[in-house]
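What follows is one structure encoded as structure tokens, with my remarks underneath.
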Amino acid sequence: MSKRHFDKPKVIVIMGQTATGKSALAVKIAKKIGGEIISADSRQVYKGLDIGTGKIFTKEMKGISHYLIDIESPKNKFTAAQFKELAEEKIKEIIARGKTPIICGGTGFYIDAITKGVVFPEVPPNYPLRKKLALANDRALMLKLKKIDPERAKNIDPKNKVRLIRAIEIAKALGKVPHLAVKPPSYKFIKIGLYLPAEKLKKKVAKRVKKMFNPPAGGGLLDEIKKLKKSGVSDKRLKELGFEYYKPTQEKVINGTMQYAKRQMTWFKRDKEIKWLNASKITKDYPL
RNA sequence: GCGUCGAUGGUAGAGUGGUCAAAUACGACACGCUGUAAACGUGUUGCCUUCGGGCUUCGGGGGUUCGAAUCCCUCUCGACGCA
């Protein structure tokens, strides 16, 4: 460990499976050490997606500032690069204020975008082009990519249309897809992962989903969807926003959430810097 | 009670004499990821294997055949129709 390591400002990262109590833990830590919270959730950035995404209620924030929640209309698309830019801005601001940034969320890709210092090629999405390319099949796209960027074509997943389309999009704009650049992060990230054994997680998810459909205060998930539709969010867009938002049933949402939790773990498992905590062992007075 | 149809792998559902360990979908498990990431993609999914193959499967039992998930008989269960 170099000395410089200690000079870097600390950023706490709370990640892990859905429904394990990340938000609550983040608030608790923030209270204790004087922190402010940056959400790392690809869907909580949207206004009006509250119940389905398990967004934290204002009163649960307990006066702690939260950022990158409710910053975009669900009619528009928000991307990982936008997240990276905004989050880095917020980190800087919070540190300048003498507080500790706490990144909290379950979207692994977003978290890695910040903590791993990956520099994405600066090519914004070109939706008309994507739409056009989506008409072609994977083989045709692969041939096209080979022609304009044989280098990238070598190691791309040849069957993944989404990746192929993005690669072509970049190559068209820049001539070729640049090699992935990694900039050493300017912060010391302390990563805490929350997980629950499958049985416990399932119970917790089931409870949470039940509440989504029948909240004590009224106005559940179905009302939320109605409201979104009324405000002009299309069915197609609702589908994109996740399984909770397109013809959900309790069973569907529970199963979908469990599948998601599993996928989250395959993502996080590779990150050896994470210190894992069993969420069921964290009590209200967990000594931090 | 008579008649008709049906019973297939974790589920749904193809297959109707050999090319069937059995399509496809879902689920399950594992894995990947260069601005969609709760997205998107890939692999495995009867058992054993020295990875060549071997063994047991299509409601139960019996039979026909060189060969049966597929044909015949019978039993069990289910749906519908007639009583």
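Residue numbers start at 1 in each chain; chains themselves are named A, B, ... in the order of the structure tokens; ligands are numbered from 1 in the order shown.
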- [ ] Using only C-alpha atoms (C1' of nucleotides), find the residues of chain B whose closest atom to chain A is at most 7 Å away, then write them as a VMD selection string.
- [x] chain B and resid 34 to 35 37 to 38 40 to 41
Strand (DSSP E or B) per DSSP on the backbone: members of segment 66-218 of chain A, as a PDB file with C-alpha atoms, in the first residue's frame:
```pdb
ATOM      1  CA  HIS A  66     -29.909  12.221  -1.648  1.00  0.00           C
ATOM      2  CA  TYR A  67     -28.780  12.795  -5.223  1.00  0.00           C
ATOM      3  CA  GLU A  72     -35.193  12.528 -15.459  1.00  0.00           C
ATOM      4  CA  THR A 100     -18.319  11.938   2.817  1.00  0.00           C
ATOM      5  CA  PRO A 101     -20.028  10.764  -0.370  1.00  0.00           C
ATOM      6  CA  ILE A 102     -21.922   7.513  -0.019  1.00  0.00           C
ATOM      7  CA  ILE A 103     -22.819   5.784  -3.244  1.00  0.00           C
ATOM      8  CA  CYS A 104     -25.720   3.443  -2.714  1.00  0.00           C
ATOM      9  CA  VAL A 118     -13.486   3.216 -16.997  1.00  0.00           C
ATOM     10  CA  VAL A 119     -13.562   5.866 -19.665  1.00  0.00           C
ATOM     11  CA  ALA A 181      -9.153   3.333 -21.278  1.00  0.00           C
ATOM     12  CA  VAL A 182      -8.897   3.113 -17.531  1.00  0.00           C
ATOM     13  CA  LYS A 188     -10.476   5.583  -2.161  1.00  0.00           C
ATOM     14  CA  PHE A 189     -13.630   3.547  -2.520  1.00  0.00           C
ATOM     15  CA  ILE A 190     -14.740   1.500   0.428  1.00  0.00           C
ATOM     16  CA  LYS A 191     -17.123  -1.087  -0.920  1.00  0.00           C
ATOM     17  CA  ILE A 192     -19.653  -2.735   1.286  1.00  0.00           C
ATOM     18  CA  GLY A 193     -21.874  -5.414  -0.196  1.00  0.00           C
ATOM     19  CA  LEU A 194     -25.152  -6.512   1.312  1.00  0.00           C
ATOM     20  CA  TYR A 195     -26.578  -9.934   0.638  1.00  0.00           C
TER      21      TYR A 195
END
```
- [ ] May I ask for the distance between atom CA of Asp235 of chain A and atom CA of Gln44 of chain A, given in Å to one decimal place?
- [x]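 Between atom CA of Asp235 of chain A and atom CA of Gln44 of chain A the gap is 18.7 Å.
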TODO: Would you kindly return, as a ChimeraX atom specification, each protein, DNA or RNA residue with an atom no farther than 9 Å from any atom of Gly34 of chain A, considering only C-alpha atoms (C1' of nucleotides) and excluding same-chain residues fewer than 3 positions away?
DONE: /A:29-31,64,98-101
Would you mind exporting N, CA and C atoms of the selected residues as a compact mmCIF listing (two decimals), in the first residue's frame?
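The resulting file, out-v7.txt, is reproduced below:
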```
# COMPACT_ATOMS: atom_id res chain seq x y z
N ILE A 29 -25.29 5.23 8.07
CA ILE A 29 -23.87 5.58 8.00
C ILE A 29 -23.71 7.09 7.79
N ALA A 30 -24.53 7.62 6.92
CA ALA A 30 -24.46 9.06 6.63
C ALA A 30 -24.66 9.88 7.90
N LYS A 31 -25.61 9.45 8.70
CA LYS A 31 -25.88 10.15 9.98
C LYS A 31 -24.66 10.10 10.88
N ILE A 64 -31.04 13.43 5.40
CA ILE A 64 -29.80 13.27 4.65
C ILE A 64 -30.06 13.60 3.18
N GLY A 98 -16.90 19.13 2.69
CA GLY A 98 -16.34 18.50 3.88
C GLY A 98 -17.10 17.29 4.35
N LYS A 99 -17.92 16.74 3.47
CA LYS A 99 -18.69 15.55 3.86
C LYS A 99 -18.21 14.33 3.08
N THR A 100 -18.71 13.17 3.48
CA THR A 100 -18.32 11.94 2.82
C THR A 100 -19.40 11.48 1.85
N PRO A 101 -19.05 11.29 0.58
CA PRO A 101 -20.03 10.76 -0.37
C PRO A 101 -20.29 9.28 -0.10
```
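What separates atom CA of Asp271 of chain A from atom CA of Gly16 of chain A is a distance of 11.3 Å.
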Could you find all residues in segment 32-148 of chain A that DSSP calls alpha helix (DSSP H) from the backbone, and write them as a PDB file with N, CA and C atoms, in the first residue's frame?
```
ATOM      1  N   LYS A  32     -24.092   8.924  10.909  1.00  0.00           N
ATOM      2  CA  LYS A  32     -23.003   8.689  11.839  1.00  0.00           C
ATOM      3  C   LYS A  32     -21.743   9.473  11.466  1.00  0.00           C
ATOM      4  N   ILE A  33     -21.415   9.471  10.176  1.00  0.00           N
ATOM      5  CA  ILE A  33     -20.127  10.052   9.792  1.00  0.00           C
ATOM      6  C   ILE A  33     -20.251  11.384   9.061  1.00  0.00           C
ATOM      7  N   ALA A  80     -25.788   5.212 -18.702  1.00  0.00           N
ATOM      8  CA  ALA A  80     -24.702   4.991 -17.754  1.00  0.00           C
ATOM      9  C   ALA A  80     -23.685   6.136 -17.796  1.00  0.00           C
ATOM     10  N   ALA A  81     -23.443   6.649 -18.988  1.00  0.00           N
ATOM     11  CA  ALA A  81     -22.455   7.722 -19.101  1.00  0.00           C
ATOM     12  C   ALA A  81     -22.948   9.002 -18.442  1.00  0.00           C
ATOM     13  N   GLN A  82     -24.243   9.255 -18.604  1.00  0.00           N
ATOM     14  CA  GLN A  82     -24.828  10.411 -17.927  1.00  0.00           C
ATOM     15  C   GLN A  82     -24.680  10.239 -16.425  1.00  0.00           C
ATOM     16  N   PHE A  83     -24.934   9.044 -15.989  1.00  0.00           N
ATOM     17  CA  PHE A  83     -24.824   8.765 -14.566  1.00  0.00           C
ATOM     18  C   PHE A  83     -23.411   9.042 -14.069  1.00  0.00           C
ATOM     19  N   LYS A  84     -22.461   8.529 -14.825  1.00  0.00           N
ATOM     20  CA  LYS A  84     -21.060   8.688 -14.433  1.00  0.00           C
ATOM     21  C   LYS A  84     -20.699  10.159 -14.289  1.00  0.00           C
ATOM     22  N   GLU A  85     -21.107  10.909 -15.259  1.00  0.00           N
ATOM     23  CA  GLU A  85     -20.768  12.322 -15.248  1.00  0.00           C
ATOM     24  C   GLU A  85     -21.382  13.044 -14.043  1.00  0.00           C
ATOM     25  N   LEU A  86     -22.670  12.829 -13.845  1.00  0.00           N
ATOM     26  CA  LEU A  86     -23.373  13.491 -12.753  1.00  0.00           C
ATOM     27  C   LEU A  86     -22.859  13.031 -11.397  1.00  0.00           C
ATOM     28  N   ALA A  87     -22.615  11.732 -11.291  1.00  0.00           N
ATOM     29  CA  ALA A  87     -22.185  11.196 -10.000  1.00  0.00           C
ATOM     30  C   ALA A  87     -20.819  11.761  -9.624  1.00  0.00           C
ATOM     31  N   GLU A  88     -19.942  11.856 -10.608  1.00  0.00           N
ATOM     32  CA  GLU A  88     -18.605  12.376 -10.314  1.00  0.00           C
ATOM     33  C   GLU A  88     -18.654  13.844  -9.898  1.00  0.00           C
ATOM     34  N   GLU A  89     -19.566  14.545 -10.521  1.00  0.00           N
ATOM     35  CA  GLU A  89     -19.783  15.933 -10.149  1.00  0.00           C
ATOM     36  C   GLU A  89     -20.233  16.028  -8.687  1.00  0.00           C
ATOM     37  N   LYS A  90     -21.188  15.177  -8.341  1.00  0.00           N
ATOM     38  CA  LYS A  90     -21.733  15.183  -6.986  1.00  0.00           C
ATOM     39  C   LYS A  90     -20.663  14.795  -5.956  1.00  0.00           C
ATOM     40  N   ILE A  91     -19.865  13.811  -6.302  1.00  0.00           N
ATOM     41  CA  ILE A  91     -18.811  13.387  -5.374  1.00  0.00           C
ATOM     42  C   ILE A  91     -17.913  14.577  -5.040  1.00  0.00           C
ATOM     43  N   LYS A  92     -17.538  15.271  -6.086  1.00  0.00           N
ATOM     44  CA  LYS A  92     -16.660  16.434  -5.909  1.00  0.00           C
ATOM     45  C   LYS A  92     -17.306  17.466  -4.998  1.00  0.00           C
ATOM     46  N   GLU A  93     -18.551  17.766  -5.272  1.00  0.00           N
ATOM     47  CA  GLU A  93     -19.269  18.771  -4.485  1.00  0.00           C
ATOM     48  C   GLU A  93     -19.360  18.382  -3.015  1.00  0.00           C
ATOM     49  N   ILE A  94     -19.695  17.136  -2.784  1.00  0.00           N
ATOM     50  CA  ILE A  94     -19.880  16.681  -1.402  1.00  0.00           C
ATOM     51  C   ILE A  94     -18.568  16.764  -0.636  1.00  0.00           C
ATOM     52  N   ILE A  95     -17.509  16.346  -1.298  1.00  0.00           N
ATOM     53  CA  ILE A  95     -16.200  16.412  -0.643  1.00  0.00           C
ATOM     54  C   ILE A  95     -15.804  17.863  -0.364  1.00  0.00           C
ATOM     55  N   ALA A  96     -16.106  18.724  -1.317  1.00  0.00           N
ATOM     56  CA  ALA A  96     -15.793  20.143  -1.146  1.00  0.00           C
ATOM     57  C   ALA A  96     -16.516  20.722   0.070  1.00  0.00           C
ATOM     58  N   GLY A 108     -24.872  -2.552 -10.864  1.00  0.00           N
ATOM     59  CA  GLY A 108     -23.443  -2.822 -10.872  1.00  0.00           C
ATOM     60  C   GLY A 108     -22.683  -2.062 -11.937  1.00  0.00           C
ATOM     61  N   PHE A 109     -23.280  -1.978 -13.095  1.00  0.00           N
ATOM     62  CA  PHE A 109     -22.621  -1.297 -14.205  1.00  0.00           C
ATOM     63  C   PHE A 109     -22.384   0.174 -13.882  1.00  0.00           C
ATOM     64  N   TYR A 110     -23.326   0.796 -13.262  1.00  0.00           N
ATOM     65  CA  TYR A 110     -23.201   2.204 -12.887  1.00  0.00           C
ATOM     66  C   TYR A 110     -22.093   2.378 -11.842  1.00  0.00           C
ATOM     67  N   ILE A 111     -22.086   1.484 -10.887  1.00  0.00           N
ATOM     68  CA  ILE A 111     -21.097   1.585  -9.819  1.00  0.00           C
ATOM     69  C   ILE A 111     -19.690   1.386 -10.378  1.00  0.00           C
ATOM     70  N   ASP A 112     -19.546   0.390 -11.235  1.00  0.00           N
ATOM     71  CA  ASP A 112     -18.237   0.143 -11.832  1.00  0.00           C
ATOM     72  C   ASP A 112     -17.778   1.324 -12.681  1.00  0.00           C
ATOM     73  N   ALA A 113     -18.731   1.956 -13.337  1.00  0.00           N
ATOM     74  CA  ALA A 113     -18.388   3.094 -14.191  1.00  0.00           C
ATOM     75  C   ALA A 113     -17.654   4.161 -13.379  1.00  0.00           C
ATOM     76  N   ILE A 114     -17.987   4.252 -12.110  1.00  0.00           N
ATOM     77  CA  ILE A 114     -17.320   5.238 -11.264  1.00  0.00           C
ATOM     78  C   ILE A 114     -16.097   4.663 -10.576  1.00  0.00           C
ATOM     79  N   THR A 115     -16.275   3.519  -9.940  1.00  0.00           N
ATOM     80  CA  THR A 115     -15.210   3.022  -9.074  1.00  0.00           C
ATOM     81  C   THR A 115     -14.051   2.406  -9.849  1.00  0.00           C
ATOM     82  N   TYR A 127     -30.233   7.409 -31.730  1.00  0.00           N
ATOM     83  CA  TYR A 127     -31.406   6.550 -31.750  1.00  0.00           C
ATOM     84  C   TYR A 127     -31.932   6.219 -33.140  1.00  0.00           C
ATOM     85  N   PRO A 128     -31.949   7.175 -34.077  1.00  0.00           N
ATOM     86  CA  PRO A 128     -32.387   6.797 -35.429  1.00  0.00           C
ATOM     87  C   PRO A 128     -31.508   5.708 -36.029  1.00  0.00           C
ATOM     88  N   LEU A 129     -30.192   5.840 -35.822  1.00  0.00           N
ATOM     89  CA  LEU A 129     -29.280   4.822 -36.346  1.00  0.00           C
ATOM     90  C   LEU A 129     -29.550   3.477 -35.681  1.00  0.00           C
ATOM     91  N   ARG A 130     -29.729   3.484 -34.376  1.00  0.00           N
ATOM     92  CA  ARG A 130     -30.006   2.237 -33.659  1.00  0.00           C
ATOM     93  C   ARG A 130     -31.256   1.562 -34.194  1.00  0.00           C
ATOM     94  N   LYS A 131     -32.252   2.381 -34.439  1.00  0.00           N
ATOM     95  CA  LYS A 131     -33.516   1.842 -34.916  1.00  0.00           C
ATOM     96  C   LYS A 131     -33.323   1.158 -36.262  1.00  0.00           C
ATOM     97  N   LYS A 132     -32.536   1.797 -37.098  1.00  0.00           N
ATOM     98  CA  LYS A 132     -32.273   1.262 -38.428  1.00  0.00           C
ATOM     99  C   LYS A 132     -31.476  -0.043 -38.325  1.00  0.00           C
ATOM    100  N   LEU A 133     -30.441  -0.006 -37.514  1.00  0.00           N
ATOM    101  CA  LEU A 133     -29.582  -1.187 -37.375  1.00  0.00           C
ATOM    102  C   LEU A 133     -30.327  -2.363 -36.743  1.00  0.00           C
ATOM    103  N   ASP A 138     -27.987 -10.414 -36.415  1.00  0.00           N
ATOM    104  CA  ASP A 138     -26.658 -10.336 -35.801  1.00  0.00           C
ATOM    105  C   ASP A 138     -25.534 -10.575 -36.811  1.00  0.00           C
ATOM    106  N   ARG A 139     -25.784 -11.489 -37.737  1.00  0.00           N
ATOM    107  CA  ARG A 139     -24.730 -11.799 -38.717  1.00  0.00           C
ATOM    108  C   ARG A 139     -24.419 -10.602 -39.607  1.00  0.00           C
ATOM    109  N   ALA A 140     -25.493  -9.961 -40.068  1.00  0.00           N
ATOM    110  CA  ALA A 140     -25.311  -8.790 -40.923  1.00  0.00           C
ATOM    111  C   ALA A 140     -24.586  -7.688 -40.165  1.00  0.00           C
ATOM    112  N   LEU A 141     -24.942  -7.514 -38.906  1.00  0.00           N
ATOM    113  CA  LEU A 141     -24.312  -6.478 -38.095  1.00  0.00           C
ATOM    114  C   LEU A 141     -22.835  -6.780 -37.886  1.00  0.00           C
ATOM    115  N   MET A 142     -22.548  -8.056 -37.690  1.00  0.00           N
ATOM    116  CA  MET A 142     -21.172  -8.474 -37.478  1.00  0.00           C
ATOM    117  C   MET A 142     -20.334  -8.182 -38.724  1.00  0.00           C
ATOM    118  N   LEU A 143     -20.882  -8.478 -39.882  1.00  0.00           N
ATOM    119  CA  LEU A 143     -20.181  -8.213 -41.137  1.00  0.00           C
ATOM    120  C   LEU A 143     -19.893  -6.724 -41.286  1.00  0.00           C
ATOM    121  N   LYS A 144     -20.887  -5.939 -40.940  1.00  0.00           N
ATOM    122  CA  LYS A 144     -20.755  -4.497 -41.037  1.00  0.00           C
ATOM    123  C   LYS A 144     -19.641  -4.001 -40.109  1.00  0.00           C
ATOM    124  N   LEU A 145     -19.662  -4.523 -38.887  1.00  0.00           N
ATOM    125  CA  LEU A 145     -18.663  -4.093 -37.921  1.00  0.00           C
ATOM    126  C   LEU A 145     -17.258  -4.515 -38.371  1.00  0.00           C
ATOM    127  N   LYS A 146     -17.168  -5.724 -38.897  1.00  0.00           N
ATOM    128  CA  LYS A 146     -15.882  -6.221 -39.381  1.00  0.00           C
ATOM    129  C   LYS A 146     -15.296  -5.279 -40.408  1.00  0.00           C
ATOM    130  N   LYS A 147     -16.182  -4.753 -41.223  1.00  0.00           N
ATOM    131  CA  LYS A 147     -15.742  -3.873 -42.290  1.00  0.00           C
ATOM    132  C   LYS A 147     -15.209  -2.557 -41.730  1.00  0.00           C
ATOM    133  N   ILE A 148     -15.931  -1.966 -40.800  1.00  0.00           N
ATOM    134  CA  ILE A 148     -15.495  -0.646 -40.332  1.00  0.00           C
ATOM    135  C   ILE A 148     -14.540  -0.704 -39.148  1.00  0.00           C
TER     136      ILE A 148
END
```
TODO: Write out as an MDAnalysis selection string the residues lying within 12 Å of U44 of chain B, counting only C-alpha atoms (C1' of nucleotides) and excluding same-chain residues fewer than 2 positions away.
DONE: chainID B and resid 28:31 42
Open item on the list: Between atom CA of Gly52 of chain A and atom C1' of C26 of chain B, what is the distance in Å, rounded to a tenth?
Closed with: 23.6 Å
Open item on the list: At a cut-off of 12 Å, using only C-alpha atoms (C1' of nucleotides), what residues contact C75 of chain B? Leave out same-chain residues fewer than 6 positions from it and give the result as an NGL selection string.
Closed with: :B and (59-62)
Produce a file of the selected residues containing C-alpha atoms (C1' of nucleotides), as a PDB file, in the first residue's frame.
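part-v8.pdb, written as the output of this step:
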```
ATOM      1  C1'   G B  59     -48.973 -42.982 -16.483  1.00  0.00           C
ATOM      2  C1'   G B  60     -48.453 -48.927 -14.592  1.00  0.00           C
ATOM      3  C1'   G B  61     -48.193 -53.960 -16.483  1.00  0.00           C
ATOM      4  C1'   G B  62     -48.104 -57.247 -20.632  1.00  0.00           C
TER       5        G B  62
END
```
Open item on the list: Just want the 8 Å neighbourhood of Ser65 of chain A, counted on only C-alpha atoms (C1' of nucleotides), with same-chain residues fewer than 3 positions away dropped. Output as a VMD selection string.
Closed with: chain A and resid 36 to 37 61
Task: Given only C-alpha atoms as the counted atoms, nearest of A:Pro184, A:Pro150, A:Gly105, A:Gly218 to Val13 of chain A - done: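 Looking at the shortest contact to Val13 of chain A, the residue is A:Gly105.
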Open item on the list: Quick one: residues within 12 Å of A25 of chain B, only C-alpha atoms (C1' of nucleotides), excluding same-chain residues fewer than 2 positions away - as a VMD selection string?
Closed with: chain B and resid 11 to 14 23 27
Open item on the list: Taking only C-alpha atoms (C1' of nucleotides) into account, name the residue in B:C33, B:A39, B:C72, B:A22 that is nearest to U57 of chain B.
Closed with: B:A22
